[in-house]
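S.K.: So that you have it, the file is final.tsv, and it contains TSV, C-alpha atoms (C1' of nucleotides):
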chain	number	residue	atom	x	y	z
O	1	MET	CA	125.20	43.84	-212.64
O	2	ASP	CA	127.59	46.55	-211.65
O	3	GLN	CA	130.87	44.94	-210.67
O	4	ASP	CA	132.84	48.08	-209.98
O	5	PHE	CA	133.04	48.63	-206.25
O	6	SER	CA	135.83	51.18	-206.29
O	7	LEU	CA	135.18	54.63	-204.90
O	8	GLY	CA	135.23	57.56	-207.27
O	9	THR	CA	136.16	61.11	-206.33
O	10	VAL	CA	134.21	64.21	-205.42
O	11	GLN	CA	135.25	67.75	-206.18
O	12	VAL	CA	134.45	70.40	-203.62
O	13	ALA	CA	134.87	74.15	-203.84
O	14	LEU	CA	135.43	74.83	-200.16
O	15	SER	CA	137.69	73.22	-197.62
O	16	PRO	CA	135.97	71.42	-194.75
O	17	ARG	CA	136.94	74.29	-192.48
O	18	GLU	CA	135.43	76.90	-194.81
O	19	ARG	CA	132.35	74.79	-195.26
O	20	PHE	CA	131.90	74.50	-191.52
O	21	ASP	CA	132.41	78.23	-191.01
O	22	GLU	CA	129.73	78.83	-193.60
O	23	PHE	CA	127.40	76.44	-191.82
O	24	LEU	CA	128.03	78.05	-188.44
O	25	GLN	CA	127.41	81.53	-189.78
O	26	SER	CA	124.18	80.48	-191.45
O	27	ARG	CA	122.99	79.22	-188.08
O	28	GLY	CA	124.20	82.21	-186.13
O	29	LYS	CA	126.74	80.06	-184.33
O	30	ARG	CA	130.24	81.16	-183.46
O	31	ILE	CA	133.54	80.11	-184.90
O	32	THR	CA	135.43	79.12	-181.79
O	33	GLN	CA	138.92	77.84	-181.12
O	34	GLN	CA	137.57	74.46	-180.07
O	35	ARG	CA	135.56	74.00	-183.25
O	36	ARG	CA	138.59	74.99	-185.28
O	37	ILE	CA	140.74	72.44	-183.52
O	38	ILE	CA	138.21	69.67	-183.92
O	39	VAL	CA	137.55	70.25	-187.62
O	40	ALA	CA	141.28	70.35	-188.31
O	41	GLU	CA	141.89	67.11	-186.46
O	42	VAL	CA	138.89	65.32	-187.96
O	43	PHE	CA	139.92	66.15	-191.52
O	44	ARG	CA	143.61	65.56	-191.03
O	45	ARG	CA	143.12	62.11	-192.53
O	46	HIS	CA	140.30	59.83	-193.65
O	47	ASP	CA	139.42	57.13	-191.19
O	48	HIS	CA	136.63	55.82	-189.02
O	49	PHE	CA	136.62	57.01	-185.44
O	50	ASP	CA	134.43	57.49	-182.40
O	51	ALA	CA	134.30	60.28	-179.85
O	52	GLU	CA	136.89	58.61	-177.65
O	53	ASP	CA	139.36	58.16	-180.50
O	54	LEU	CA	139.01	61.82	-181.35
O	55	MET	CA	139.60	62.79	-177.73
O	56	ASP	CA	142.83	60.81	-177.75
O	57	HIS	CA	144.02	62.33	-181.01
O	58	LEU	CA	143.21	65.81	-179.79
O	59	SER	CA	145.16	65.53	-176.58
O	60	ALA	CA	148.08	64.03	-178.51
O	61	ALA	CA	148.06	66.58	-181.33
O	62	THR	CA	147.46	69.76	-179.39
O	63	ALA	CA	149.51	69.52	-176.25
O	64	GLY	CA	147.85	71.79	-173.72
O	65	ARG	CA	145.05	72.96	-176.04
O	66	ARG	CA	142.50	70.52	-174.72
O	67	VAL	CA	138.89	70.30	-175.75
O	68	SER	CA	136.41	68.97	-173.23
O	69	ARG	CA	134.41	65.83	-173.73
O	70	PRO	CA	131.01	67.56	-173.99
O	71	THR	CA	132.37	69.91	-176.62
O	72	VAL	CA	133.70	67.01	-178.66
O	73	TYR	CA	130.29	65.36	-178.64
O	74	ARG	CA	128.52	68.63	-179.38
O	75	THR	CA	130.80	69.49	-182.26
O	76	LEU	CA	130.58	66.02	-183.79
O	77	SER	CA	126.81	66.40	-183.91
O	78	GLU	CA	127.20	69.79	-185.54
O	79	LEU	CA	129.57	68.36	-188.12
O	80	VAL	CA	126.96	65.73	-188.95
O	81	ASP	CA	124.28	68.42	-189.23
O	82	ALA	CA	126.59	70.44	-191.44
O	83	GLY	CA	126.95	67.46	-193.77
O	84	LEU	CA	130.66	67.18	-193.15
O	85	LEU	CA	130.48	63.87	-191.32
O	86	ARG	CA	128.33	60.80	-191.44
O	87	SER	CA	127.68	58.64	-188.41
O	88	MET	CA	126.66	55.07	-187.82
O	89	THR	CA	126.19	52.91	-184.76
O	90	LEU	CA	128.51	49.96	-184.42
O	91	GLY	CA	128.61	47.82	-181.32
O	92	GLY	CA	126.99	50.34	-179.03
O	93	ARG	CA	129.13	53.31	-179.97
O	94	THR	CA	128.74	55.96	-182.63
O	95	VAL	CA	131.33	55.82	-185.41
O	96	TYR	CA	132.03	58.80	-187.63
O	97	GLU	CA	133.59	59.26	-191.07
O	98	HIS	CA	133.99	61.96	-193.69
O	99	ASP	CA	131.00	62.76	-195.83
O	100	TYR	CA	131.81	66.13	-197.39
O	101	GLY	CA	134.14	65.72	-200.34
O	102	TYR	CA	134.05	61.99	-199.95
O	103	PRO	CA	132.19	59.66	-202.33
O	104	GLN	CA	129.03	57.85	-201.35
O	105	HIS	CA	129.78	54.36	-200.15
O	106	ASP	CA	128.81	51.48	-197.87
O	107	HIS	CA	130.79	49.15	-195.66
O	108	MET	CA	131.99	45.67	-194.97
O	109	HIS	CA	132.63	45.09	-191.30
O	110	CYS	CA	135.09	42.42	-190.15
O	111	GLN	CA	133.82	40.73	-187.02
O	112	LYS	CA	137.32	39.69	-186.00
O	113	CYS	CA	139.45	42.82	-186.25
O	114	ASN	CA	136.58	45.33	-186.37
O	115	LYS	CA	137.95	46.82	-189.57
O	116	LEU	CA	135.61	48.75	-191.86
O	117	ILE	CA	136.17	48.37	-195.60
O	118	GLU	CA	134.47	50.80	-197.93
O	119	PHE	CA	132.86	50.02	-201.26
O	120	HIS	CA	130.51	51.68	-203.67
O	121	SER	CA	127.54	50.18	-205.45
O	122	ASP	CA	125.01	51.96	-207.64
O	123	GLU	CA	122.66	49.04	-207.23
O	124	VAL	CA	121.71	49.98	-203.71
O	125	ALA	CA	120.37	53.33	-204.84
O	126	GLN	CA	118.43	51.58	-207.58
O	127	ILE	CA	116.80	49.28	-205.07
O	128	GLY	CA	115.87	52.35	-203.06
O	129	GLU	CA	114.26	54.03	-206.04
O	130	ALA	CA	112.21	50.97	-206.88
O	131	LEU	CA	111.13	50.64	-203.26
O	132	ALA	CA	110.16	54.28	-203.06
O	133	GLN	CA	107.84	53.91	-206.02
O	134	GLN	CA	106.27	50.70	-204.84
O	135	HIS	CA	105.73	51.74	-201.22
O	136	GLN	CA	105.22	55.49	-201.62
O	137	PHE	CA	108.17	55.83	-199.28
O	138	ARG	CA	110.36	58.92	-199.62
O	139	VAL	CA	113.90	57.58	-199.33
O	140	THR	CA	116.34	60.09	-197.89
O	141	GLY	CA	119.25	57.75	-197.32
O	142	HIS	CA	120.38	54.26	-196.52
O	143	ARG	CA	122.86	52.24	-194.54
O	144	LEU	CA	124.25	48.95	-195.79
O	145	ILE	CA	126.77	46.90	-193.89
O	146	PHE	CA	128.00	43.47	-194.84
O	147	THR	CA	129.37	41.58	-191.86
O	148	GLY	CA	131.91	38.81	-192.12
O	149	ILE	CA	135.62	38.04	-192.05
O	150	CYS	CA	138.12	40.16	-193.94
O	151	ALA	CA	140.92	38.77	-196.11
O	152	ASP	CA	143.59	39.38	-193.47
O	153	CYS	CA	141.71	37.60	-190.73
O	154	ARG	CA	140.86	34.67	-192.98
O	155	VAL	CA	144.57	33.99	-193.45
O	156	GLN	CA	145.93	34.51	-189.98
O	157	LYS	CA	143.69	32.91	-187.41
O	158	ARG	CA	144.72	35.33	-184.72
O	159	PRO	CA	142.95	38.69	-184.99
O	160	THR	CA	145.30	41.60	-185.52
O	161	ARG	CA	143.64	44.43	-183.68
O	162	LYS	CA	140.95	44.45	-181.07
O	163	LEU	CA	139.11	47.71	-181.44
O	164	ASP	CA	140.96	49.81	-183.95
O	165	LEU	CA	138.54	51.16	-186.51
O	166	VAL	CA	140.43	52.17	-189.61
H	1	MET	CA	116.29	44.31	-211.87
H	2	ASP	CA	114.23	42.38	-209.40
H	3	GLN	CA	111.09	44.35	-208.68
H	4	ASP	CA	109.42	41.93	-206.32
H	5	PHE	CA	109.92	43.15	-202.75
H	6	SER	CA	107.31	40.93	-201.11
H	7	LEU	CA	108.38	38.47	-198.46
H	8	GLY	CA	108.13	34.77	-199.20
H	9	THR	CA	107.61	32.07	-196.60
H	10	VAL	CA	109.90	29.69	-194.78
H	11	GLN	CA	108.95	26.21	-193.67
H	12	VAL	CA	110.36	25.00	-190.38
H	13	ALA	CA	110.14	21.56	-188.81
H	14	LEU	CA	110.27	22.67	-185.20
H	15	SER	CA	108.38	25.32	-183.30
H	16	PRO	CA	110.45	28.19	-181.89
H	17	ARG	CA	110.07	26.69	-178.46
H	18	GLU	CA	111.28	23.26	-179.60
H	19	ARG	CA	114.12	24.87	-181.49
H	20	PHE	CA	115.20	26.82	-178.43
H	21	ASP	CA	114.99	23.72	-176.23
H	22	GLU	CA	117.22	21.95	-178.71
H	23	PHE	CA	119.69	24.84	-178.63
H	24	LEU	CA	119.73	24.94	-174.86
H	25	GLN	CA	120.32	21.22	-174.58
H	26	SER	CA	123.16	21.34	-177.11
H	27	ARG	CA	124.83	23.96	-174.94
H	28	GLY	CA	124.16	22.19	-171.67
H	29	LYS	CA	121.82	24.99	-170.63
H	30	ARG	CA	118.62	24.41	-168.76
H	31	ILE	CA	115.03	24.78	-169.81
H	32	THR	CA	113.63	27.10	-167.20
H	33	GLN	CA	110.24	28.63	-166.58
H	34	GLN	CA	111.58	32.10	-167.37
H	35	ARG	CA	113.01	31.09	-170.73
H	36	ARG	CA	109.73	29.34	-171.55
H	37	ILE	CA	107.74	32.45	-170.73
H	38	ILE	CA	110.02	34.70	-172.76
H	39	VAL	CA	110.05	32.49	-175.87
H	40	ALA	CA	106.27	32.17	-175.75
H	41	GLU	CA	105.79	35.92	-175.46
H	42	VAL	CA	108.36	36.76	-178.11
H	43	PHE	CA	106.80	34.44	-180.68
H	44	ARG	CA	103.21	35.26	-179.84
H	45	ARG	CA	103.20	37.63	-182.80
H	46	HIS	CA	105.64	39.08	-185.30
H	47	ASP	CA	106.75	42.57	-184.53
H	48	HIS	CA	109.79	44.68	-183.72
H	49	PHE	CA	110.49	45.24	-180.06
H	50	ASP	CA	113.21	46.13	-177.59
H	51	ALA	CA	113.97	44.81	-174.12
H	52	GLU	CA	111.70	47.35	-172.48
H	53	ASP	CA	108.75	46.52	-174.73
H	54	LEU	CA	109.18	42.87	-173.88
H	55	MET	CA	109.28	43.67	-170.18
H	56	ASP	CA	105.98	45.50	-170.49
H	57	HIS	CA	104.34	42.71	-172.46
H	58	LEU	CA	105.55	40.12	-170.00
H	59	SER	CA	104.17	41.87	-166.97
H	60	ALA	CA	100.89	42.45	-168.80
H	61	ALA	CA	100.54	38.95	-170.21
H	62	THR	CA	101.62	36.92	-167.23
H	63	ALA	CA	100.15	38.61	-164.22
H	64	GLY	CA	102.34	37.71	-161.30
H	65	ARG	CA	104.78	35.56	-163.25
H	66	ARG	CA	107.42	38.23	-163.56
H	67	VAL	CA	110.79	37.84	-165.18
H	68	SER	CA	113.56	40.10	-164.02
H	69	ARG	CA	115.23	42.64	-166.24
H	70	PRO	CA	118.64	40.91	-166.33
H	71	THR	CA	117.00	37.64	-167.32
H	72	VAL	CA	115.17	39.33	-170.17
H	73	TYR	CA	118.44	40.72	-171.49
H	74	ARG	CA	120.26	37.42	-171.05
H	75	THR	CA	117.55	35.42	-172.76
H	76	LEU	CA	117.29	37.82	-175.66
H	77	SER	CA	121.01	37.33	-176.28
H	78	GLU	CA	120.56	33.59	-176.12
H	79	LEU	CA	117.71	33.75	-178.61
H	80	VAL	CA	119.96	35.65	-180.98
H	81	ASP	CA	122.73	33.07	-180.51
H	82	ALA	CA	120.21	30.33	-181.12
H	83	GLY	CA	119.26	31.93	-184.43
H	84	LEU	CA	115.69	32.55	-183.33
H	85	LEU	CA	115.96	36.31	-183.25
H	86	ARG	CA	117.86	38.96	-185.14
H	87	SER	CA	118.88	42.23	-183.58
H	88	MET	CA	119.75	45.66	-184.86
H	89	THR	CA	120.60	48.95	-183.23
H	90	LEU	CA	118.18	51.78	-183.86
H	91	GLY	CA	118.51	55.08	-182.11
H	92	GLY	CA	120.61	53.83	-179.23
H	93	ARG	CA	118.53	50.82	-178.31
H	94	THR	CA	118.64	47.25	-179.53
H	95	VAL	CA	115.61	46.19	-181.56
H	96	TYR	CA	114.74	42.52	-182.04
H	97	GLU	CA	112.64	40.62	-184.55
H	98	HIS	CA	111.98	37.02	-185.55
H	99	ASP	CA	114.59	35.28	-187.61
H	100	TYR	CA	113.75	31.59	-187.31
H	101	GLY	CA	110.92	30.65	-189.63
H	102	TYR	CA	110.80	34.15	-191.01
H	103	PRO	CA	112.03	35.06	-194.48
H	104	GLN	CA	115.21	37.03	-195.04
H	105	HIS	CA	114.46	40.71	-195.43
H	106	ASP	CA	115.63	44.26	-194.91
H	107	HIS	CA	113.96	47.42	-193.68
H	108	MET	CA	112.72	50.87	-194.44
H	109	HIS	CA	112.72	53.09	-191.38
H	110	CYS	CA	110.36	56.05	-191.15
H	111	GLN	CA	112.08	58.94	-189.39
H	112	LYS	CA	108.75	60.44	-188.35
H	113	CYS	CA	106.79	57.63	-186.76
H	114	ASN	CA	109.70	55.21	-186.26
H	115	LYS	CA	107.86	52.51	-188.13
H	116	LEU	CA	109.86	49.66	-189.67
H	117	ILE	CA	108.64	48.32	-193.00
H	118	GLU	CA	110.06	45.03	-194.24
H	119	PHE	CA	111.00	44.16	-197.79
H	120	HIS	CA	112.98	41.51	-199.58
H	121	SER	CA	115.50	41.95	-202.34
H	122	ASP	CA	117.69	39.28	-203.90
H	123	GLU	CA	119.94	41.98	-205.28
H	124	VAL	CA	121.54	42.67	-201.95
H	125	ALA	CA	122.76	39.12	-201.64
H	126	GLN	CA	124.13	39.35	-205.19
H	127	ILE	CA	126.08	42.45	-204.29
H	128	GLY	CA	127.45	40.58	-201.31
H	129	GLU	CA	128.58	37.67	-203.44
H	130	ALA	CA	130.35	39.92	-205.90
H	131	LEU	CA	132.02	41.79	-203.06
H	132	ALA	CA	133.14	38.59	-201.41
H	133	GLN	CA	134.89	37.48	-204.58
H	134	GLN	CA	136.52	40.79	-205.26
H	135	HIS	CA	137.74	41.49	-201.72
H	136	GLN	CA	138.29	37.94	-200.48
H	137	PHE	CA	135.80	38.84	-197.76
H	138	ARG	CA	133.71	36.05	-196.30
H	139	VAL	CA	130.23	37.52	-196.02
H	140	THR	CA	128.18	36.06	-193.19
H	141	GLY	CA	125.33	38.53	-193.24
H	142	HIS	CA	124.24	42.06	-193.93
H	143	ARG	CA	122.07	44.86	-192.69
H	144	LEU	CA	120.36	47.28	-195.05
H	145	ILE	CA	118.12	50.07	-193.85
H	146	PHE	CA	116.58	52.75	-196.02
H	147	THR	CA	115.66	55.82	-194.03
H	148	GLY	CA	112.98	58.25	-195.07
H	149	ILE	CA	109.31	59.10	-194.69
H	150	CYS	CA	106.61	56.45	-194.96
H	151	ALA	CA	103.43	56.81	-196.98
H	152	ASP	CA	101.26	57.56	-193.93
H	153	CYS	CA	103.51	60.32	-192.67
H	154	ARG	CA	103.80	61.86	-196.12
H	155	VAL	CA	100.04	62.39	-196.17
H	156	GLN	CA	99.36	63.58	-192.66
H	157	LYS	CA	101.95	66.09	-191.55
H	158	ARG	CA	101.51	65.19	-187.91
H	159	PRO	CA	103.38	62.02	-186.96
H	160	THR	CA	101.11	59.26	-185.73
H	161	ARG	CA	103.19	57.47	-183.15
H	162	LYS	CA	106.27	58.51	-181.33
H	163	LEU	CA	108.13	55.34	-180.51
H	164	ASP	CA	105.94	52.42	-181.45
H	165	LEU	CA	107.99	49.97	-183.44
H	166	VAL	CA	105.69	47.67	-185.38
S	1	DC	C1'	115.31	12.26	-152.51
S	2	DT	C1'	119.69	14.77	-152.32
S	3	DA	C1'	123.32	17.45	-153.79
S	4	DA	C1'	126.07	19.84	-157.20
S	5	DA	C1'	125.60	23.01	-160.69
S	6	DA	C1'	123.17	26.27	-163.21
S	7	DT	C1'	120.03	30.04	-163.00
S	8	DC	C1'	117.46	33.48	-160.91
S	9	DA	C1'	116.16	38.25	-158.87
S	10	DA	C1'	117.83	42.23	-156.93
S	11	DT	C1'	121.10	45.36	-156.76
S	12	DA	C1'	124.98	47.90	-157.97
S	13	DA	C1'	128.12	49.04	-161.55
S	14	DT	C1'	129.46	50.48	-166.13
S	15	DC	C1'	129.58	52.77	-170.46
S	16	DA	C1'	128.57	56.14	-173.78
S	17	DT	C1'	126.25	60.17	-174.14
S	18	DT	C1'	123.70	64.35	-172.53
S	19	DA	C1'	121.88	68.08	-169.38
S	20	DT	C1'	123.04	71.69	-166.07
S	21	DC	C1'	125.17	75.81	-164.87
S	22	DA	C1'	128.62	79.27	-163.66
S	23	DC	C1'	132.21	81.25	-166.15
S	24	DT	C1'	134.42	82.67	-170.63
S	25	DT	C1'	134.67	84.30	-175.25
S	26	DG	C1'	133.52	85.65	-180.08
S	27	DA	C1'	130.76	88.84	-182.93
S	28	DT	C1'	128.73	93.19	-183.30
S	29	DG	C1'	127.97	98.08	-182.80
S	30	DC	C1'	129.83	102.30	-181.02
P	1	DG	C1'	139.76	99.41	-180.15
P	2	DC	C1'	136.39	98.38	-176.64
P	3	DA	C1'	132.05	97.38	-174.35
P	4	DT	C1'	128.15	94.33	-174.53
P	5	DC	C1'	125.87	90.10	-174.31
P	6	DA	C1'	124.24	85.92	-176.14
P	7	DA	C1'	126.49	81.73	-177.48
P	8	DG	C1'	129.90	78.47	-176.10
P	9	DT	C1'	132.80	76.09	-172.92
P	10	DG	C1'	134.28	73.00	-169.19
P	11	DA	C1'	133.43	70.65	-164.92
P	12	DT	C1'	130.29	68.02	-163.05
P	13	DA	C1'	126.37	65.39	-162.42
P	14	DA	C1'	122.68	62.91	-164.61
P	15	DT	C1'	120.71	59.71	-167.72
P	16	DG	C1'	119.40	55.41	-169.94
P	17	DA	C1'	120.50	51.10	-171.67
P	18	DT	C1'	122.96	47.23	-170.65
P	19	DT	C1'	126.02	44.14	-167.77
P	20	DA	C1'	128.44	42.28	-163.55
P	21	DT	C1'	127.89	40.64	-158.89
P	22	DT	C1'	125.99	38.02	-155.31
P	23	DG	C1'	123.29	35.35	-152.37
P	24	DA	C1'	119.04	32.61	-152.84
P	25	DT	C1'	116.60	29.19	-155.57
P	26	DT	C1'	115.52	25.88	-158.89
P	27	DT	C1'	116.89	21.85	-162.01
P	28	DT	C1'	118.78	17.59	-163.22
P	29	DA	C1'	121.90	13.72	-162.36
P	30	DG	C1'	122.52	9.97	-159.52
Show me this structure written as structure tokens.
M.R.:
Amino acid sequence: MDQDFSLGTVQVALSPRERFDEFLQSRGKRITQQRRIIVAEVFRRHDHFDAEDLMDHLSAATAGRRVSRPTVYRTLSELVDAGLLRSMTLGGRTVYEHDYGYPQHDHMHCQKCNKLIEFHSDEVAQIGEALAQQHQFRVTGHRLIFTGICADCRVQKRPTRKLDLV
Amino acid sequence: MDQDFSLGTVQVALSPRERFDEFLQSRGKRITQQRRIIVAEVFRRHDHFDAEDLMDHLSAATAGRRVSRPTVYRTLSELVDAGLLRSMTLGGRTVYEHDYGYPQHDHMHCQKCNKLIEFHSDEVAQIGEALAQQHQFRVTGHRLIFTGICADCRVQKRPTRKLDLV
DNA sequence: CTAAAATCAATAATCATTATCACTTGATGC
DNA sequence: GCATCAAGTGATAATGATTATTGATTTTAG
């Protein structure tokens, strides 16, 4: 059994911004200020966030240069379509994370502090392949989340954060 | 690698109804007509359903004996707490299925017809155990969904059903 | 049988997300 | 450069699933 759960690395030729521009052009969409701002903010660092988090970061980072709520939602969907982001549903809200230039992985979700811990396992893909053969099912992707209590929360009884997804 | 994806069986001493009664009593909750009706309808057959589906079935099955929408939602939550049902989020809505007396399993989700196919794999639990050790993470459960196209939809290009979760 | 407590149905409220629509702006050709 | 115009934006309202509220109604203890 594969015991290495560490994430590898992925080399990419284009920056997220360039990749998104390429995607937009291929779809006949425009490269707007708002999309620029959002891509820059989203790829400033790697973390897990939802639309509301991004809104907050945007208003904090670009004083004055606001982006409206609908545009944030619209652009997040586009970034998913473009393969730059991946999304998952967690507790009613949609959570996003980097996909482009970031290695394939799954998550452990701490029920106490809501933290998401990433890990990689080749085994999951193997299960998928075997399933595909046996059920004539064309697997295009998967989502695996282990729920439980993280190391931090096991030690200190009191949860650290309430809804901070990092 | 384990190639057997078929679901085994689980023996239970109590019927779902008895089990729920026991749960309610242990919590000082009451055994009401509405909860009776809902448990009976939910365990009439094994399938995947959401609150709305259940509402429809209830009004169809028990002509006159209606249960209000809030009560359906409340009772579904109680059934999850009682360990009788499991829930997962799929496309914005909460989908439920039997847990009590039903073997542990995961799902393949067809993107075309929305069908959920169940399978069992011991490997997933093994991954969880290894992860728990390595990250000091106490695993209490997991959710694994393979997305793709099912055998039926691969043959006929036209999707069969639009939102029938079975 | 009676009363206190839990539960119910109906309604309104909430929350995240999406549709609408008048106004603005980026890409393209001149 | 600049005009043109479809795509994009923001403000707002709408949606759809779920939850809180509240007054009426059962259930169980005594």
S.K.: Just want the 10 Å neighbourhood of Thr140 in chain H, counted on all atoms listed in the file, with same-chain residues fewer than 5 positions away dropped. Output as a PyMOL selection string.
M.R.: (chain O and resi 110-111+146-149) or (chain H and resi 128+132)
S.K.: Within 10 Å of Leu76 in chain O, counting all atoms listed in the file, which residues show up once you throw out same-chain ones fewer than 6 positions away? Write them as a ChimeraX atom specification, please.
M.R.: /O:35,38-39,42,50-51,54,70,82,84-87,96
S.K.: O:Gln3, O:His48, O:Met88, O:Gln34: which is nearest Arg69 in chain O, counting all atoms listed in the file?
M.R.: O:Gln34
S.K.: To one decimal in Å, tell me the separation between CA of Thr89 in chain H and CA of Asp56 in chain O.
M.R.: 25.8 Å
S.K.: Set out as JSON lines a contact list for chain S and chain O with a cut-off of 10 Å, giving each residue of chain S that qualifies its closest atom pair and distance in Å to one decimal, counting all atoms listed in the file, ordered by chain and rising residue number.
M.R.:
{"residue": "S:DC15", "atom": "C1'", "partner": "O:Gly92", "partner_atom": "CA", "distance": 9.3}
{"residue": "S:DA16", "atom": "C1'", "partner": "O:Arg93", "partner_atom": "CA", "distance": 6.8}
{"residue": "S:DT17", "atom": "C1'", "partner": "O:Tyr73", "partner_atom": "CA", "distance": 8.0}
{"residue": "S:DT18", "atom": "C1'", "partner": "O:Pro70", "partner_atom": "CA", "distance": 8.1}
{"residue": "S:DT25", "atom": "C1'", "partner": "O:Thr32", "partner_atom": "CA", "distance": 8.4}
{"residue": "S:DG26", "atom": "C1'", "partner": "O:Arg30", "partner_atom": "CA", "distance": 6.5}
{"residue": "S:DA27", "atom": "C1'", "partner": "O:Arg30", "partner_atom": "CA", "distance": 7.7}
S.K.: Between CA of Ala40 in chain H and CA of Glu18 in chain H, what is the distance, to one decimal in Å?
M.R.: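 Computed distance, CA of Ala40 in chain H to CA of Glu18 in chain H, equals 10.9 Å.
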S.K.: Give me the residues near range 4-13 of chain S as an MDAnalysis selection string, where near means some atom within 8 Å (using all atoms listed in the file) and where sequence neighbours in that chain fewer than 6 positions away do not count.
M.R.: (chainID H and resid 29:30 68 71) or (chainID P and resid 20:21 25:27)
S.K.: For chain P against chain O, which residues fall within 10 Å using only C-alpha atoms (C1' of nucleotides), given as a PyMOL selection string?
M.R.: chain P and resi 7-11+17-18
S.K.: List every residue of chain O that has an atom at most 10 Å from any atom of chain H, and for each one report the closest atom pair and its distance in Å to one decimal, counting all atoms listed in the file, with rows sorted by chain and then by increasing residue number, as JSON lines.
M.R.:
{"residue": "O:Met1", "atom": "CA", "partner": "H:Ile127", "partner_atom": "CA", "distance": 8.5}
{"residue": "O:Asp2", "atom": "CA", "partner": "H:Ile127", "partner_atom": "CA", "distance": 8.6}
{"residue": "O:Gln3", "atom": "CA", "partner": "H:Ala130", "partner_atom": "CA", "distance": 6.9}
{"residue": "O:Asp4", "atom": "CA", "partner": "H:Leu131", "partner_atom": "CA", "distance": 9.4}
{"residue": "O:Phe5", "atom": "CA", "partner": "H:Leu131", "partner_atom": "CA", "distance": 7.6}
{"residue": "O:Met88", "atom": "CA", "partner": "H:Thr89", "partner_atom": "CA", "distance": 9.8}
{"residue": "O:Thr89", "atom": "CA", "partner": "H:Thr89", "partner_atom": "CA", "distance": 7.0}
{"residue": "O:Leu90", "atom": "CA", "partner": "H:Thr89", "partner_atom": "CA", "distance": 8.1}
{"residue": "O:Gly91", "atom": "CA", "partner": "H:Thr89", "partner_atom": "CA", "distance": 8.3}
{"residue": "O:Gly92", "atom": "CA", "partner": "H:Gly92", "partner_atom": "CA", "distance": 7.3}
{"residue": "O:Arg93", "atom": "CA", "partner": "H:Gly92", "partner_atom": "CA", "distance": 8.6}
{"residue": "O:Thr94", "atom": "CA", "partner": "H:Gly92", "partner_atom": "CA", "distance": 9.1}
{"residue": "O:Asp106", "atom": "CA", "partner": "H:Leu144", "partner_atom": "CA", "distance": 9.8}
{"residue": "O:His107", "atom": "CA", "partner": "H:His142", "partner_atom": "CA", "distance": 9.8}
{"residue": "O:Met108", "atom": "CA", "partner": "H:Phe137", "partner_atom": "CA", "distance": 8.3}
{"residue": "O:His109", "atom": "CA", "partner": "H:Val139", "partner_atom": "CA", "distance": 9.2}
{"residue": "O:Cys110", "atom": "CA", "partner": "H:Phe137", "partner_atom": "CA", "distance": 8.4}
{"residue": "O:Gln111", "atom": "CA", "partner": "H:Thr140", "partner_atom": "CA", "distance": 9.6}
{"residue": "O:Ile117", "atom": "CA", "partner": "H:His135", "partner_atom": "CA", "distance": 9.3}
{"residue": "O:Phe119", "atom": "CA", "partner": "H:Leu131", "partner_atom": "CA", "distance": 8.5}
{"residue": "O:Ser121", "atom": "CA", "partner": "H:Ile127", "partner_atom": "CA", "distance": 8.0}
{"residue": "O:Glu123", "atom": "CA", "partner": "H:Glu123", "partner_atom": "CA", "distance": 7.8}
{"residue": "O:Val124", "atom": "CA", "partner": "H:Val124", "partner_atom": "CA", "distance": 7.5}
{"residue": "O:Ala125", "atom": "CA", "partner": "H:Phe146", "partner_atom": "CA", "distance": 9.6}
{"residue": "O:Gln126", "atom": "CA", "partner": "H:Met1", "partner_atom": "CA", "distance": 8.7}
{"residue": "O:Ile127", "atom": "CA", "partner": "H:Ser121", "partner_atom": "CA", "distance": 7.9}
{"residue": "O:Gly128", "atom": "CA", "partner": "H:Phe146", "partner_atom": "CA", "distance": 7.1}
{"residue": "O:Ala130", "atom": "CA", "partner": "H:Gln3", "partner_atom": "CA", "distance": 7.0}
{"residue": "O:Leu131", "atom": "CA", "partner": "H:Phe5", "partner_atom": "CA", "distance": 7.6}
{"residue": "O:Ala132", "atom": "CA", "partner": "H:Cys150", "partner_atom": "CA", "distance": 9.1}
{"residue": "O:Gln134", "atom": "CA", "partner": "H:Phe5", "partner_atom": "CA", "distance": 8.6}
{"residue": "O:His135", "atom": "CA", "partner": "H:Ala151", "partner_atom": "CA", "distance": 7.0}
{"residue": "O:Gln136", "atom": "CA", "partner": "H:Ala151", "partner_atom": "CA", "distance": 5.1}
{"residue": "O:Phe137", "atom": "CA", "partner": "H:Cys150", "partner_atom": "CA", "distance": 4.6}
{"residue": "O:Arg138", "atom": "CA", "partner": "H:Ile149", "partner_atom": "CA", "distance": 5.0}
{"residue": "O:Val139", "atom": "CA", "partner": "H:Gly148", "partner_atom": "CA", "distance": 4.4}
{"residue": "O:Thr140", "atom": "CA", "partner": "H:Gly148", "partner_atom": "CA", "distance": 4.8}
{"residue": "O:Gly141", "atom": "CA", "partner": "H:Thr147", "partner_atom": "CA", "distance": 5.2}
{"residue": "O:His142", "atom": "CA", "partner": "H:Phe146", "partner_atom": "CA", "distance": 4.1}
{"residue": "O:Arg143", "atom": "CA", "partner": "H:Ile145", "partner_atom": "CA", "distance": 5.3}
{"residue": "O:Leu144", "atom": "CA", "partner": "H:Leu144", "partner_atom": "CA", "distance": 4.3}
{"residue": "O:Ile145", "atom": "CA", "partner": "H:Arg143", "partner_atom": "CA", "distance": 5.3}
{"residue": "O:Phe146", "atom": "CA", "partner": "H:His142", "partner_atom": "CA", "distance": 4.1}
{"residue": "O:Thr147", "atom": "CA", "partner": "H:Gly141", "partner_atom": "CA", "distance": 5.2}
{"residue": "O:Gly148", "atom": "CA", "partner": "H:Val139", "partner_atom": "CA", "distance": 4.4}
{"residue": "O:Ile149", "atom": "CA", "partner": "H:Arg138", "partner_atom": "CA", "distance": 5.1}
{"residue": "O:Cys150", "atom": "CA", "partner": "H:Phe137", "partner_atom": "CA", "distance": 4.7}
{"residue": "O:Ala151", "atom": "CA", "partner": "H:Gln136", "partner_atom": "CA", "distance": 5.2}
{"residue": "O:Asp152", "atom": "CA", "partner": "H:Gln136", "partner_atom": "CA", "distance": 8.9}
{"residue": "O:Cys153", "atom": "CA", "partner": "H:Phe137", "partner_atom": "CA", "distance": 9.3}
{"residue": "O:Arg154", "atom": "CA", "partner": "H:Arg138", "partner_atom": "CA", "distance": 8.0}
